[in-house]
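J.: Take this structure first; my questions come after.
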Amino acid sequence: MATVEVKKFPLQQVLELACAAQRSNNDYIKMVEPVVAADGVTVAYKHANRTLMLVALGEDKTTYADPKTMPRLISTNLDDRELATEIQKFYRRLMFAAIQGDNEFQTEVNALLNATEVPVNRFGFIACLPSTYKRDYANNQFEKRVTAIDREHIAPIGAELGDLDCEIISSKRSKNFDAYNIDAIIDNKMVSWMSKIDLKLGPCVIIKGKVKDQSSHWKHPDVPVTRLNYVKAAQ
């Protein structure tokens, strides 16, 4: 019996779509999730990132009888293209030492990112990479800098801050709130705050903010963390 050839698409294109799917869903979604209104009625569905990628390429073979169940049509932008390039550079540089997972996953992703094309039946490995990158980049940056971070808080509780350069090293969606927990470095000191938007990793300016609390890093208790609120940030 003849072997059916699996369709392939350029790596850069597939990774850009993975970034667009992550942006569209505001998260990595592995399986379809219902969107429920206040009255308990399901009004729509959030589809898996992989599904959004397949739909964009015309490769989703699912039949949707109800319009509200249909996946949205995503498209890529400049941010997606830049992020896709950064993801490739990051993992090739680290040789996947930072990826948390079993050897099979590491080996598969390594092979895909070193190829020029991605088979449709391997899209799931690429779909999770934008989310995995954010986690691994934050861990990598912190571990690289933890020994040199100043062991002090940036300001006393109640102090108002403004016009400060910072570096965002982590932006993680909260499990309890409709917001993102931001970790950053200002003047070589750790700070954190909740943000309504998903900030990009890298340079940022704190236009204004106020010191809410003083604590320590959950993984490194010797590293002080200054908790901020009422933050207005710009990138």
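Residues are named by chain letter and number: chains run A, B, ... in the order of the structure tokens, numbers start at 1 in each chain, and ligands are numbered from 1 in the order shown.
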Give me the residues within 12 Å of Asp66 in chain A as a short mmCIF file (atom, residue, chain, number, x, y, z; two decimals) with C-alpha atoms, in the first residue's frame, counting only C-alpha atoms and dropping any in the same chain fewer than 5 places off.
T.:
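Heads up, here's the output in selection_11.cif:
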data_model
loop_
_atom_site.label_atom_id
_atom_site.label_comp_id
_atom_site.auth_asym_id
_atom_site.auth_seq_id
_atom_site.Cartn_x
_atom_site.Cartn_y
_atom_site.Cartn_z
CA VAL A 43 -21.39 31.66 23.53
CA ALA A 44 -18.23 30.58 21.72
CA TYR A 45 -15.18 28.37 21.93
CA PRO A 71 -12.21 28.81 14.98
#
J.: Determine, for each residue of range 104-209 of chain A having at least one atom at most 12 Å from an atom of range 9-17 of chain A, the closest pair of atoms and their separation in Å to one decimal, counting only C-alpha atoms; order by chain and ascending number, as a tab-separated table.
T.:
residue	atom	partner	partner_atom	distance
A:Val109	CA	A:Leu11	CA	11.6
A:Ala111	CA	A:Leu11	CA	11.3
A:Leu112	CA	A:Leu11	CA	7.8
A:Leu113	CA	A:Leu11	CA	7.2
A:Asn114	CA	A:Leu11	CA	9.0
A:Ala115	CA	A:Leu11	CA	7.2
A:Thr116	CA	A:Leu11	CA	5.4
A:Glu117	CA	A:Pro10	CA	4.3
A:Val118	CA	A:Phe9	CA	5.4
A:Pro119	CA	A:Phe9	CA	6.6
A:Val120	CA	A:Phe9	CA	7.4
A:Asn121	CA	A:Phe9	CA	10.9
A:Arg122	CA	A:Val14	CA	10.4
A:Phe123	CA	A:Val14	CA	7.7
A:Gly124	CA	A:Val14	CA	10.6
A:Phe125	CA	A:Leu15	CA	10.1
A:Ile126	CA	A:Leu15	CA	6.3
A:Ala127	CA	A:Leu15	CA	7.5
A:Cys128	CA	A:Leu15	CA	9.8
A:Leu129	CA	A:Leu15	CA	8.2
A:Pro130	CA	A:Leu15	CA	8.4
A:Ser131	CA	A:Leu15	CA	11.9
A:Tyr133	CA	A:Leu15	CA	11.9
J.: Those selected residues, please, written with N, CA and C atoms and delivered as an mmCIF file, in the first residue's frame.
T.:
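So the final result, stored in result-v7.cif, reads:
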data_model
loop_
_atom_site.group_PDB
_atom_site.id
_atom_site.type_symbol
_atom_site.label_atom_id
_atom_site.label_comp_id
_atom_site.auth_asym_id
_atom_site.auth_seq_id
_atom_site.Cartn_x
_atom_site.Cartn_y
_atom_site.Cartn_z
ATOM 1 N N VAL A 109 11.684 18.652 19.047
ATOM 2 C CA VAL A 109 11.744 20.098 18.813
ATOM 3 C C VAL A 109 13.084 20.491 18.211
ATOM 4 N N ALA A 111 14.983 18.702 16.292
ATOM 5 C CA ALA A 111 14.983 18.301 14.889
ATOM 6 C C ALA A 111 14.140 19.250 14.038
ATOM 7 N N LEU A 112 12.987 19.657 14.556
ATOM 8 C CA LEU A 112 12.095 20.544 13.799
ATOM 9 C C LEU A 112 12.717 21.918 13.578
ATOM 10 N N LEU A 113 13.361 22.462 14.607
ATOM 11 C CA LEU A 113 13.950 23.794 14.482
ATOM 12 C C LEU A 113 15.238 23.799 13.670
ATOM 13 N N ASN A 114 15.756 22.632 13.392
ATOM 14 C CA ASN A 114 16.943 22.544 12.544
ATOM 15 C C ASN A 114 16.601 22.095 11.125
ATOM 16 N N ALA A 115 15.311 22.008 10.847
ATOM 17 C CA ALA A 115 14.854 21.669 9.499
ATOM 18 C C ALA A 115 14.336 22.937 8.820
ATOM 19 N N THR A 116 14.039 22.835 7.549
ATOM 20 C CA THR A 116 13.514 23.991 6.815
ATOM 21 C C THR A 116 12.003 23.953 6.708
ATOM 22 N N GLU A 117 11.407 22.761 6.893
ATOM 23 C CA GLU A 117 9.963 22.608 6.776
ATOM 24 C C GLU A 117 9.419 21.772 7.940
ATOM 25 N N VAL A 118 8.141 22.004 8.263
ATOM 26 C CA VAL A 118 7.490 21.287 9.363
ATOM 27 C C VAL A 118 6.306 20.493 8.815
ATOM 28 N N PRO A 119 6.260 19.184 9.058
ATOM 29 C CA PRO A 119 5.101 18.390 8.635
ATOM 30 C C PRO A 119 3.851 18.807 9.418
ATOM 31 N N VAL A 120 2.702 18.767 8.785
ATOM 32 C CA VAL A 120 1.450 19.147 9.435
ATOM 33 C C VAL A 120 1.209 18.334 10.697
ATOM 34 N N ASN A 121 1.587 17.068 10.688
ATOM 35 C CA ASN A 121 1.345 16.221 11.860
ATOM 36 C C ASN A 121 2.323 16.484 13.003
ATOM 37 N N ARG A 122 3.187 17.478 12.866
ATOM 38 C CA ARG A 122 4.114 17.875 13.936
ATOM 39 C C ARG A 122 3.852 19.308 14.405
ATOM 40 N N PHE A 123 2.751 19.894 13.961
ATOM 41 C CA PHE A 123 2.439 21.274 14.333
ATOM 42 C C PHE A 123 2.287 21.445 15.844
ATOM 43 N N GLY A 124 1.843 20.400 16.541
ATOM 44 C CA GLY A 124 1.645 20.511 17.976
ATOM 45 C C GLY A 124 2.917 20.865 18.722
ATOM 46 N N PHE A 125 4.062 20.369 18.248
ATOM 47 C CA PHE A 125 5.342 20.684 18.904
ATOM 48 C C PHE A 125 5.692 22.158 18.727
ATOM 49 N N ILE A 126 5.373 22.716 17.564
ATOM 50 C CA ILE A 126 5.673 24.124 17.302
ATOM 51 C C ILE A 126 4.666 25.033 18.013
ATOM 52 N N ALA A 127 3.400 24.588 18.099
ATOM 53 C CA ALA A 127 2.344 25.417 18.682
ATOM 54 C C ALA A 127 2.647 25.836 20.109
ATOM 55 N N CYS A 128 3.313 24.979 20.873
ATOM 56 C CA CYS A 128 3.579 25.287 22.287
ATOM 57 C C CYS A 128 4.838 26.121 22.499
ATOM 58 N N LEU A 129 5.643 26.315 21.464
ATOM 59 C CA LEU A 129 6.942 26.957 21.661
ATOM 60 C C LEU A 129 6.878 28.414 22.135
ATOM 61 N N PRO A 130 5.949 29.264 21.635
ATOM 62 C CA PRO A 130 5.907 30.630 22.175
ATOM 63 C C PRO A 130 5.704 30.654 23.687
ATOM 64 N N SER A 131 4.830 29.770 24.196
ATOM 65 C CA SER A 131 4.601 29.698 25.637
ATOM 66 C C SER A 131 5.822 29.143 26.358
ATOM 67 N N TYR A 133 8.886 29.232 25.339
ATOM 68 C CA TYR A 133 9.972 30.209 25.236
ATOM 69 C C TYR A 133 9.895 31.249 26.351
#
J.: Can you list, as a ChimeraX atom specification, every protein, DNA or RNA residue that comes within 12 Å of Cys19 in chain A when you count only C-alpha atoms, leaving out same-chain residues fewer than 6 positions away?
T.: /A:12-13,25-28,49-50,52-53,74-87,126-134
J.: Show which residues sit within 6 Å of range 180-185 of chain A, as a VMD selection string. Count only C-alpha atoms, and ignore same-chain residues fewer than 5 positions away.
T.: chain A and resid 166 to 174 190 to 195
J.: Go through A:Val205, A:Val6, A:Ala56, A:Ile186 and flag the residue nearest Lys232 in chain A, using only C-alpha atoms for the distances.
T.: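 Going through A:Val205, A:Val6, A:Ala56, A:Ile186 one by one, the smallest distance to Lys232 in chain A is for A:Val205.
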J.: Mind checking DSSP for range 102-211 of chain A and telling me the alpha helix (DSSP H) residues as number ranges by chain?
T.: A: 103-113, 123-127, 129-145
